[in-house]
$ cat start01.txt   # compact mmCIF, C-alpha atoms (C1' of nucleotides) and all ligand atoms
# COMPACT_ATOMS: atom_id res chain seq x y z
CA MET T 1 17.53 4.84 38.98
CA THR T 2 15.72 4.49 35.73
CA HIS T 3 17.00 2.91 32.52
CA ARG T 4 18.92 0.01 33.88
CA SER T 5 19.15 -2.53 31.11
CA PRO T 6 18.76 -1.92 27.39
CA ALA T 7 15.83 -4.30 27.44
CA ARG T 8 13.56 -2.24 29.62
CA GLY T 9 10.47 -1.09 27.80
CA ARG T 10 11.23 -3.15 24.77
CA PRO T 11 8.22 -5.47 25.08
CA ALA T 12 5.96 -2.44 25.21
CA ALA T 13 7.34 -1.20 21.92
CA PHE T 14 6.78 -4.53 20.21
CA ARG T 15 3.29 -4.76 21.66
CA ARG T 16 2.44 -1.34 20.33
CA THR T 17 3.66 -2.28 16.88
CA ARG T 18 1.53 -5.43 16.91
CA ALA T 19 -1.47 -3.40 18.01
CA ASP T 20 -0.85 -0.88 15.22
CA HIS T 21 -0.90 -3.67 12.70
CA GLN T 22 -4.27 -4.83 13.92
CA THR T 23 -5.94 -1.50 13.21
CA GLU T 24 -3.95 -0.76 10.11
CA ILE T 25 -6.20 -2.48 7.62
CA ALA T 26 -9.32 -0.91 9.03
CA GLU T 27 -7.69 2.50 8.73
CA ASP T 28 -6.62 2.01 5.15
CA TYR T 29 -10.04 0.72 4.14
CA VAL T 30 -12.08 3.54 5.62
CA GLU T 31 -9.62 6.09 4.30
CA LEU T 32 -9.91 4.61 0.85
CA ILE T 33 -13.69 4.51 1.07
CA ALA T 34 -13.81 8.19 2.02
CA GLU T 35 -11.55 9.04 -0.90
CA LEU T 36 -13.61 7.05 -3.38
CA MET T 37 -16.83 8.65 -2.20
CA GLU T 38 -15.33 12.06 -2.77
CA GLU T 39 -13.82 11.22 -6.10
CA ARG T 40 -16.73 9.37 -7.63
CA GLY T 41 -19.68 9.60 -5.31
CA GLU T 42 -19.61 6.00 -4.14
CA ALA T 43 -17.23 3.29 -3.03
CA ARG T 44 -17.62 -0.15 -4.51
CA GLY T 45 -15.78 -3.21 -3.29
CA THR T 46 -14.16 -3.68 -6.65
CA ASP T 47 -12.62 -0.21 -6.61
CA ILE T 48 -11.22 -0.88 -3.18
CA ALA T 49 -9.74 -4.15 -4.38
CA GLN T 50 -8.10 -2.44 -7.32
CA ARG T 51 -6.58 0.36 -5.32
CA LEU T 52 -5.28 -2.01 -2.68
CA GLY T 53 -3.93 -4.39 -5.28
CA VAL T 54 -5.81 -7.27 -3.72
CA SER T 55 -8.46 -9.72 -4.91
CA ASN T 56 -12.16 -9.04 -4.75
CA ALA T 57 -12.69 -11.96 -2.45
CA THR T 58 -10.29 -10.56 0.09
CA VAL T 59 -12.12 -7.26 0.11
CA VAL T 60 -15.49 -8.91 0.58
CA LYS T 61 -14.24 -10.76 3.60
CA THR T 62 -12.57 -7.78 5.17
CA LEU T 63 -15.60 -5.57 4.61
CA LYS T 64 -17.63 -8.13 6.49
CA ARG T 65 -15.35 -7.75 9.45
CA LEU T 66 -15.46 -3.97 9.27
CA GLN T 67 -19.23 -4.15 9.26
CA ASP T 68 -19.17 -6.31 12.38
CA GLU T 69 -16.96 -3.67 13.95
CA GLN T 70 -19.48 -1.00 13.00
CA LEU T 71 -17.14 0.99 10.82
CA ILE T 72 -19.11 0.55 7.60
CA ARG T 73 -22.55 -0.36 6.38
CA GLN T 74 -23.29 -2.33 3.22
CA GLU T 75 -25.87 -4.45 1.51
CA PRO T 76 -25.17 -7.12 -1.09
CA TYR T 77 -24.39 -5.80 -4.56
CA ARG T 78 -24.47 -2.22 -3.32
CA ALA T 79 -21.85 0.40 -2.52
CA VAL T 80 -20.25 0.74 0.89
CA PHE T 81 -20.94 3.53 3.40
CA LEU T 82 -19.08 4.73 6.44
CA THR T 83 -20.75 4.84 9.82
CA ASP T 84 -20.04 7.76 12.10
CA ALA T 85 -17.25 5.82 13.73
CA GLY T 86 -15.94 4.98 10.28
CA GLN T 87 -15.99 8.60 9.21
CA LYS T 88 -14.13 9.64 12.29
CA LEU T 89 -11.47 6.99 11.76
CA ALA T 90 -11.18 7.97 8.11
CA ALA T 91 -10.76 11.63 8.95
CA ASP T 92 -8.06 10.91 11.51
CA GLY T 93 -6.34 8.58 9.10
CA ARG T 94 -6.35 11.06 6.26
CA ARG T 95 -4.96 13.78 8.48
CA LYS T 96 -2.18 11.54 9.74
CA HIS T 97 -1.43 10.30 6.26
CA ALA T 98 -1.25 13.80 4.82
CA ILE T 99 1.06 15.02 7.53
CA VAL T 100 3.44 12.08 7.24
CA GLU T 101 3.60 12.37 3.48
CA ALA T 102 4.10 16.13 3.50
CA PHE T 103 6.72 15.77 6.17
CA LEU T 104 8.73 13.23 4.20
CA MET T 105 8.68 15.46 1.15
CA ALA T 106 9.72 18.45 3.21
CA LEU T 107 12.61 16.34 4.48
CA GLY T 108 13.75 15.96 0.90
CA VAL T 109 12.33 12.57 -0.02
CA LYS T 110 11.09 12.33 -3.61
CA PRO T 111 7.29 12.42 -3.92
CA ASP T 112 6.94 8.92 -5.34
CA VAL T 113 8.99 7.44 -2.56
CA ALA T 114 7.34 9.57 0.08
CA ARG T 115 3.95 8.31 -1.01
CA ILE T 116 5.05 4.72 -0.69
CA ASP T 117 6.82 5.05 2.65
CA ALA T 118 4.00 7.10 4.14
CA GLU T 119 1.54 4.29 3.48
CA GLY T 120 3.33 2.10 6.01
CA ILE T 121 4.73 4.69 8.38
CA GLU T 122 1.43 6.44 9.04
CA HIS T 123 0.20 3.59 11.22
CA HIS T 124 3.13 3.71 13.62
CA VAL T 125 3.25 7.42 14.32
CA SER T 126 2.21 8.53 17.80
CA ALA T 127 0.52 11.83 18.55
CA ASP T 128 3.85 13.13 19.82
CA THR T 129 5.69 12.29 16.65
CA LEU T 130 2.89 13.72 14.57
CA ASP T 131 3.20 16.96 16.51
CA ALA T 132 6.92 17.05 15.91
CA MET T 133 6.34 16.57 12.20
CA GLU T 134 3.81 19.39 12.10
CA ARG T 135 6.19 21.60 14.01
CA TYR T 136 8.87 20.89 11.46
CA LEU T 137 6.52 21.66 8.59
CA ARG T 138 5.49 25.01 10.08
CA HIS T 139 9.00 25.96 11.04
CA GLN T 140 10.38 24.99 7.70
CA SER T 141 7.81 26.88 5.67
CA THR T 142 8.47 29.93 7.87
CA ASN T 143 12.08 30.41 6.94
CA LYS T 144 12.18 29.34 3.35
CA SER T 145 15.66 30.87 3.32
CA ASP T 146 17.64 27.71 3.86
CA MET B 1 1.33 14.52 -18.42
CA THR B 2 2.10 12.54 -15.35
CA HIS B 3 0.00 12.29 -12.19
CA ARG B 4 -3.44 12.14 -13.62
CA SER B 5 -5.65 10.55 -11.02
CA PRO B 6 -5.00 10.42 -7.29
CA ALA B 7 -5.15 6.65 -7.52
CA ARG B 8 -2.11 6.16 -9.67
CA GLY B 9 0.61 4.23 -7.91
CA ARG B 10 -1.53 3.55 -4.91
CA PRO B 11 -1.57 -0.24 -5.29
CA ALA B 12 2.21 -0.24 -5.41
CA ALA B 13 2.33 1.55 -2.07
CA PHE B 14 0.00 -0.92 -0.42
CA ARG B 15 1.89 -3.83 -1.90
CA ARG B 16 5.14 -2.49 -0.51
CA THR B 17 3.63 -2.13 2.93
CA ARG B 18 2.39 -5.72 2.84
CA ALA B 19 5.81 -6.89 1.74
CA ASP B 20 7.43 -4.93 4.57
CA HIS B 21 5.20 -6.69 7.05
CA GLN B 22 6.30 -10.06 5.79
CA THR B 23 9.97 -9.43 6.53
CA GLU B 24 9.34 -7.44 9.66
CA ILE B 25 9.31 -10.30 12.11
CA ALA B 26 12.45 -11.84 10.67
CA GLU B 27 14.19 -8.50 11.05
CA ASP B 28 13.12 -8.00 14.63
CA TYR B 29 14.14 -11.52 15.58
CA VAL B 30 17.63 -11.43 14.14
CA GLU B 31 18.19 -7.95 15.51
CA LEU B 32 17.16 -9.14 18.94
CA ILE B 33 19.35 -12.22 18.68
CA ALA B 34 22.36 -10.11 17.79
CA GLU B 35 21.68 -7.85 20.75
CA LEU B 36 21.30 -10.71 23.17
CA MET B 37 24.51 -12.32 22.00
CA GLU B 38 26.35 -9.09 22.64
CA GLU B 39 24.74 -8.44 25.97
CA ARG B 40 25.00 -11.90 27.44
CA GLY B 41 26.96 -14.09 25.09
CA GLU B 42 24.04 -16.16 23.87
CA ALA B 43 20.45 -15.86 22.73
CA ARG B 44 17.92 -18.26 24.18
CA GLY B 45 14.38 -18.60 22.92
CA THR B 46 13.01 -17.63 26.29
CA ASP B 47 14.85 -14.33 26.30
CA ILE B 48 13.49 -13.55 22.88
CA ALA B 49 9.99 -14.34 24.05
CA GLN B 50 10.35 -12.05 27.02
CA ARG B 51 11.70 -9.12 25.07
CA LEU B 52 9.04 -9.44 22.42
CA GLY B 53 6.30 -9.83 24.98
CA VAL B 54 5.14 -13.03 23.35
CA SER B 55 4.74 -16.65 24.48
CA ASN B 56 7.50 -19.20 24.32
CA ALA B 57 5.51 -21.35 21.96
CA THR B 58 5.22 -18.55 19.46
CA VAL B 59 8.96 -18.03 19.48
CA VAL B 60 9.68 -21.71 18.95
CA LYS B 61 7.45 -21.77 15.93
CA THR B 62 8.87 -18.61 14.41
CA LEU B 63 12.45 -19.74 14.97
CA LYS B 64 11.62 -22.86 13.04
CA ARG B 65 10.56 -20.76 10.10
CA LEU B 66 13.66 -18.59 10.34
CA GLN B 67 15.79 -21.71 10.31
CA ASP B 68 14.03 -22.92 7.17
CA GLU B 69 14.83 -19.54 5.65
CA GLN B 70 18.48 -19.98 6.61
CA LEU B 71 18.64 -16.93 8.84
CA ILE B 72 19.45 -18.82 12.04
CA ARG B 73 20.79 -22.15 13.20
CA GLN B 74 19.62 -23.96 16.31
CA GLU B 75 19.46 -27.34 17.96
CA PRO B 76 16.88 -28.43 20.51
CA TYR B 77 17.44 -27.04 24.00
CA ARG B 78 20.37 -24.94 22.85
CA ALA B 79 20.92 -21.28 22.11
CA VAL B 80 20.26 -19.73 18.72
CA PHE B 81 22.91 -18.57 16.25
CA LEU B 82 22.78 -16.31 13.26
CA THR B 83 23.88 -17.54 9.85
CA ASP B 84 25.84 -15.19 7.61
CA ALA B 85 22.62 -14.08 5.99
CA GLY B 86 21.14 -13.60 9.45
CA GLN B 87 24.06 -11.49 10.58
CA LYS B 88 23.79 -9.32 7.53
CA LEU B 89 20.08 -8.79 8.05
CA ALA B 90 20.67 -8.04 11.72
CA ALA B 91 23.35 -5.49 10.95
CA ASP B 92 21.17 -3.71 8.40
CA GLY B 93 18.26 -3.78 10.80
CA ARG B 94 20.24 -2.35 13.67
CA ARG B 95 21.59 0.42 11.52
CA LYS B 96 18.14 1.35 10.26
CA HIS B 97 16.67 1.14 13.71
CA ALA B 98 19.36 3.35 15.21
CA ILE B 99 18.98 6.00 12.54
CA VAL B 100 15.20 6.13 12.80
CA GLU B 101 15.29 6.36 16.58
CA ALA B 102 18.01 9.01 16.63
CA PHE B 103 16.17 10.94 13.97
CA LEU B 104 12.93 11.00 15.92
CA MET B 105 14.71 12.24 19.00
CA ALA B 106 16.50 14.89 16.99
CA LEU B 107 13.10 15.98 15.72
CA GLY B 108 12.07 16.60 19.30
CA VAL B 109 10.21 13.42 20.16
CA LYS B 110 10.74 12.22 23.73
CA PRO B 111 13.09 9.22 24.00
CA ASP B 112 10.47 6.81 25.36
CA VAL B 113 8.07 7.62 22.58
CA ALA B 114 10.80 7.63 19.95
CA ARG B 115 11.81 4.14 20.99
CA ILE B 116 8.27 2.87 20.62
CA ASP B 117 7.50 4.55 17.31
CA ALA B 118 10.84 3.54 15.82
CA GLU B 119 10.04 -0.13 16.42
CA GLY B 120 7.25 0.04 13.87
CA ILE B 121 8.50 2.76 11.55
CA GLU B 122 11.88 1.16 10.89
CA HIS B 123 10.35 -1.48 8.66
CA HIS B 124 8.72 0.98 6.28
CA VAL B 125 11.62 3.29 5.65
CA SER B 126 13.18 3.20 2.17
CA ALA B 127 16.83 3.82 1.47
CA ASP B 128 15.91 7.30 0.25
CA THR B 129 14.09 8.21 3.42
CA LEU B 130 16.89 6.80 5.51
CA ASP B 131 19.33 9.01 3.63
CA ALA B 132 17.15 12.03 4.26
CA MET B 133 17.09 11.22 7.97
CA GLU B 134 20.85 10.89 8.10
CA ARG B 135 21.22 14.14 6.23
CA TYR B 136 19.03 15.81 8.79
CA LEU B 137 21.02 14.35 11.67
CA ARG B 138 24.32 15.56 10.24
CA HIS B 139 22.99 18.96 9.36
CA GLN B 140 21.37 19.40 12.69
CA SER B 141 24.42 18.44 14.72
CA THR B 142 26.47 20.85 12.60
CA ASN B 143 24.68 24.01 13.64
CA LYS B 144 23.79 23.34 17.23
CA SER B 145 22.87 27.02 17.39
CA ASP B 146 19.16 26.64 16.96
C1' DA Z 1 -39.18 -11.05 -21.63
C1' DA Z 2 -35.13 -13.91 -22.16
C1' DC Z 3 -30.20 -14.40 -22.41
C1' DA Z 4 -25.61 -13.32 -22.42
C1' DA Z 5 -22.18 -10.71 -20.42
C1' DT Z 6 -20.45 -8.74 -16.48
C1' DG Z 7 -19.95 -7.94 -11.65
C1' DT Z 8 -20.15 -9.77 -6.94
C1' DT Z 9 -20.23 -13.13 -3.56
C1' DT Z 10 -19.37 -17.80 -1.66
C1' DA Z 11 -16.64 -21.85 -0.94
C1' DG Z 12 -12.64 -23.71 0.21
C1' DC Z 13 -7.88 -23.55 0.46
C1' DC Z 14 -3.11 -21.73 2.63
C1' DA Z 15 0.37 -19.41 5.74
C1' DA Z 16 1.58 -16.56 9.54
C1' DA Z 17 1.30 -15.14 14.16
C1' DG Z 18 -0.69 -15.45 18.30
C1' DC Z 19 -2.49 -18.29 22.51
C1' DT Z 20 -2.92 -22.25 26.45
C1' DA Z 21 -2.22 -26.73 28.17
C1' DA Z 22 0.16 -31.00 27.98
C1' DA Z 23 4.26 -33.66 27.21
C1' DT Z 24 9.02 -34.11 27.27
C1' DA Z 25 13.85 -33.13 28.11
C1' DG Z 26 17.82 -31.12 31.00
C1' DT Z 27 19.87 -29.70 35.36
C1' DG Z 28 21.00 -29.66 39.79
C1' DC Z 29 20.71 -31.52 44.32
C1' DC Z 30 20.90 -35.15 47.71
C1' DG R 1 23.00 -42.17 40.18
C1' DG R 2 18.28 -41.14 40.75
C1' DC R 3 14.56 -37.78 41.28
C1' DA R 4 12.40 -33.54 41.50
C1' DC R 5 12.20 -29.15 39.52
C1' DT R 6 12.47 -26.17 35.75
C1' DA R 7 12.93 -25.06 31.05
C1' DT R 8 11.58 -26.16 26.41
C1' DT R 9 8.98 -28.13 22.92
C1' DT R 10 4.75 -30.13 20.92
C1' DA R 11 -0.16 -30.31 20.15
C1' DG R 12 -4.02 -28.18 18.99
C1' DC R 13 -6.87 -24.18 18.57
C1' DT R 14 -8.01 -19.15 16.82
C1' DT R 15 -7.88 -15.01 13.92
C1' DT R 16 -6.42 -12.48 10.08
C1' DG R 17 -5.37 -11.70 5.46
C1' DG R 18 -4.20 -13.61 1.28
C1' DC R 19 -5.55 -16.55 -3.02
C1' DT R 20 -8.45 -19.11 -7.08
C1' DA R 21 -12.39 -21.15 -8.90
C1' DA R 22 -17.21 -21.75 -8.81
C1' DA R 23 -21.78 -20.02 -8.02
C1' DC R 24 -24.97 -16.60 -8.22
C1' DA R 25 -27.11 -11.76 -9.26
C1' DT R 26 -27.69 -7.68 -12.00
C1' DT R 27 -27.74 -5.29 -16.11
C1' DG R 28 -28.04 -4.31 -20.76
C1' DT R 29 -29.35 -5.90 -25.38
C1' DT R 30 -32.20 -7.76 -28.58
MN MN T 201 -3.50 5.89 4.81
MN MN T 202 -1.54 2.78 5.16
MN MN T 203 10.76 -3.45 14.68
MN MN T 204 3.89 -1.72 9.91
$ encode --input "start01.txt" --output "structure tokens" --more "lines below"
Ligand SMILES: [Mn+2]
Ligand SMILES: [Mn+2]
Ligand SMILES: [Mn+2]
Ligand SMILES: [Mn+2]
Amino acid sequence: MTHRSPARGRPAAFRRTRADHQTEIAEDYVELIAELMEERGEARGTDIAQRLGVSNATVVKTLKRLQDEQLIRQEPYRAVFLTDAGQKLAADGRRKHAIVEAFLMALGVKPDVARIDAEGIEHHVSADTLDAMERYLRHQSTNKSD
Amino acid sequence: MTHRSPARGRPAAFRRTRADHQTEIAEDYVELIAELMEERGEARGTDIAQRLGVSNATVVKTLKRLQDEQLIRQEPYRAVFLTDAGQKLAADGRRKHAIVEAFLMALGVKPDVARIDAEGIEHHVSADTLDAMERYLRHQSTNKSD
DNA sequence: AACAATGTTTAGCCAAAGCTAAATAGTGCC
DNA sequence: GGCACTATTTAGCTTTGGCTAAACATTGTT
């Protein structure tokens, strides 16, 4: 007799969301760093701050935490580098991000809006949901005849 | 010549996500309060704490903030009530939540997982994306012949 | 080589969300 | 009606992510 009250399993959902939010910033940072390194060869704290729309000081502090967590390496007044763990997280993040964004556009959401929504949604998408989105993308591109 | 660099518009996306996170807790609380009032006639702080998977003390503090923001009314040792603004927010939240969850299931995500993912995703979904999801739900239920 | 301009970090502040332990208030039973 | 039990709030601490203003380094120019 499963599914008795509507409350069952609810705490787990909220817990997962809170957990997602704790890794969210790390994900966005390493993703951004990977992008910057591709685009311009190096990632400086200032560039990160600008892209995030956040002050320099905030970035400095967060980078310190990410270094403690072994996701990046940095020395004062120098650019930032990703550790292996950081690169892995960045790669996963970029993949997820790309899928979510492409999916939203395929659904019919305008690109500008899709870009914005994807930035938040990406962190709450399970492997299952990501699979479903990929399935939809494949299926949809198969029969272009709507 | 729009869309020059890949960075354009990025800060806006991050800002939106941060803004979403600031209203997220308020949304979840009022939604939960509305649910509890329907299910059992009243919403007590303790019930909220249990459903959120969070301590009583945390709920007390957050409810205080929500009262300052005129979303709820409460007196010590009594149940919590929604103001008009609170009811409106709750209604919007429930609608969004229901659409996102139904959409994920329609996409082929298992109910348990859909419930969990929806709890985080709901707060990052724009009106446009919500429309697209509804469109998909209607369309999909139209031709059940897969 | 010195200095001014620019870029980066540090210092110090705030608010939100979480926690545990202690104090206090209600409720229910005898 | 008083007392014990239970529920609720308060107190006090932590972490995270923001901010601005001040201090400090680096760099480029003369
Ligand atoms: Mn991303
Ligand atoms: Mn993001
Ligand atoms: Mn939620
Ligand atoms: Mn979120």
$ residues_near_point --input "start01.txt" --point "(-25.5, -12.5, -22.0)" --cutoff "10 Å" --atoms "only C-alpha atoms (C1' of nucleotides)" --output "PDB file with C-alpha atoms (C1' of nucleotides), in the frame of the given file"
ATOM      1  C1'  DA Z   2     -35.130 -13.910 -22.160  1.00  0.00           C
ATOM      2  C1'  DC Z   3     -30.200 -14.400 -22.410  1.00  0.00           C
ATOM      3  C1'  DA Z   4     -25.610 -13.320 -22.420  1.00  0.00           C
ATOM      4  C1'  DA Z   5     -22.180 -10.710 -20.420  1.00  0.00           C
ATOM      5  C1'  DT Z   6     -20.450  -8.740 -16.480  1.00  0.00           C
TER       6       DT Z   6
ATOM      7  C1'  DT R  27     -27.740  -5.290 -16.110  1.00  0.00           C
ATOM      8  C1'  DG R  28     -28.040  -4.310 -20.760  1.00  0.00           C
ATOM      9  C1'  DT R  29     -29.350  -5.900 -25.380  1.00  0.00           C
TER      10       DT R  29
END
$ interface_residues --input "start01.txt" --of "chain R" --to "chain T" --cutoff "12 Å" --atoms "only C-alpha atoms (C1' of nucleotides)" --output "MDAnalysis selection string"
chainID R and resid 15:21 24:26
$ interface_residues --input "start01.txt" --of "chain B" --to "chain T" --cutoff "10 Å" --atoms "only C-alpha atoms" --output "VMD selection string"
chain B and resid 5 to 18 20 to 21 28 32 35 to 36 39 48 to 54 104 to 110 112 to 133 135 to 136
$ axis_aligned_box --input "start01.txt" --around "stretch 53-66 of chain T" --padding-each-side "8 Å" --output "AutoDock Vina command-line options"
--center_x -10.8 --center_y -8.0 --center_z 2.1 --size_x 29.7 --size_y 24.0 --size_z 30.7
$ atom_distance --input "start01.txt" --atom1 "atom C1' of R:DA4" --atom2 "atom CA of B:Gly45"
23.9 Å
$ atom_distance --input "start01.txt" --atom1 "atom C1' of Z:DA17" --atom2 "atom CA of B:Ala79"
22.0 Å
$ closest_residue --input "start01.txt" --among "Z:DA16, Z:DA11, Z:DC30, Z:DA23" --to "chain B" --atoms "only C-alpha atoms (C1' of nucleotides)"
Z:DA16
$ residues_around --input "start01.txt" --residues "R:DA11" --least-positions-apart "2" --cutoff "12 Å" --atoms "all atoms listed in the file" --output "PyMOL selection string"
(chain B and resi 57) or (chain Z and resi 20-23) or (chain R and resi 9+13)
$ atom_distance --input "start01.txt" --atom1 "atom CA of B:Asp84" --atom2 "atom CA of B:Arg40"
20.1 Å
$ closest_residue --input "start01.txt" --among "T:Thr46, T:Ser141, T:Thr83, T:Gln70" --to "chain Z" --atoms "all atoms listed in the file"
T:Thr46
$ closest_residue --input "start01.txt" --among "T:Glu24, T:Arg65, T:Gln87, T:Asn56" --to "ligand MN 204 (chain T)" --atoms "all atoms listed in the file"
T:Glu24
$ closest_atom_pairs --input "start01.txt" --of "chain Z" --to "chain T" --cutoff "10 Å" --atoms "all atoms listed in the file" --output "CSV"
residue,atom,partner,partner_atom,distance
Z:DG7,C1',T:Tyr77,CA,8.6
Z:DT8,C1',T:Tyr77,CA,6.3
Z:DT9,C1',T:Val60,CA,7.6
Z:DT10,C1',T:Ala57,CA,8.9
$ build_atoms --input "start01.txt" --residues "stretch 100-108 of chain B" --atoms "all heavy atoms" --output "short mmCIF file (atom, residue, chain, number, x, y, z; two decimals), keeping the file's coordinate frame"
data_model
loop_
_atom_site.label_atom_id
_atom_site.label_comp_id
_atom_site.auth_asym_id
_atom_site.auth_seq_id
_atom_site.Cartn_x
_atom_site.Cartn_y
_atom_site.Cartn_z
N VAL B 100 16.58 5.67 12.62
CA VAL B 100 15.20 6.13 12.80
C VAL B 100 14.99 6.67 14.21
O VAL B 100 14.42 7.74 14.41
CB VAL B 100 14.20 4.99 12.51
CG1 VAL B 100 12.79 5.39 12.90
CG2 VAL B 100 14.24 4.60 11.04
N GLU B 101 15.50 5.93 15.19
CA GLU B 101 15.29 6.36 16.58
C GLU B 101 16.01 7.69 16.85
O GLU B 101 15.44 8.60 17.44
CB GLU B 101 15.79 5.26 17.52
CG GLU B 101 15.35 5.46 18.95
CD GLU B 101 15.68 4.25 19.82
OE1 GLU B 101 15.51 3.11 19.33
OE2 GLU B 101 16.10 4.45 20.97
N ALA B 102 17.26 7.77 16.42
CA ALA B 102 18.01 9.01 16.63
C ALA B 102 17.33 10.17 15.92
O ALA B 102 17.25 11.29 16.45
CB ALA B 102 19.44 8.85 16.12
N PHE B 103 16.84 9.90 14.73
CA PHE B 103 16.17 10.94 13.97
C PHE B 103 14.95 11.48 14.71
O PHE B 103 14.76 12.69 14.83
CB PHE B 103 15.77 10.41 12.60
CG PHE B 103 14.89 11.34 11.83
CD1 PHE B 103 15.43 12.44 11.18
CD2 PHE B 103 13.52 11.15 11.78
CE1 PHE B 103 14.62 13.33 10.49
CE2 PHE B 103 12.70 12.03 11.09
CZ PHE B 103 13.25 13.12 10.45
N LEU B 104 14.13 10.57 15.21
CA LEU B 104 12.93 11.00 15.92
C LEU B 104 13.28 11.86 17.12
O LEU B 104 12.66 12.89 17.38
CB LEU B 104 12.10 9.79 16.35
CG LEU B 104 11.39 9.03 15.23
CD1 LEU B 104 10.67 7.81 15.79
CD2 LEU B 104 10.40 9.93 14.49
N MET B 105 14.31 11.44 17.83
CA MET B 105 14.71 12.24 19.00
C MET B 105 15.22 13.60 18.57
O MET B 105 14.90 14.62 19.16
CB MET B 105 15.75 11.47 19.81
CG MET B 105 15.15 10.22 20.45
SD MET B 105 16.16 9.48 21.76
CE MET B 105 17.63 9.05 20.87
N ALA B 106 15.98 13.62 17.50
CA ALA B 106 16.50 14.89 16.99
C ALA B 106 15.35 15.81 16.58
O ALA B 106 15.44 17.03 16.71
CB ALA B 106 17.44 14.65 15.82
N LEU B 107 14.28 15.20 16.13
CA LEU B 107 13.10 15.98 15.72
C LEU B 107 12.40 16.59 16.91
O LEU B 107 11.57 17.48 16.78
CB LEU B 107 12.10 15.06 15.03
CG LEU B 107 11.66 15.27 13.59
CD1 LEU B 107 10.30 14.61 13.40
CD2 LEU B 107 11.63 16.71 13.14
N GLY B 108 12.69 16.06 18.09
CA GLY B 108 12.07 16.60 19.30
C GLY B 108 11.10 15.66 19.97
O GLY B 108 10.37 16.05 20.89
#
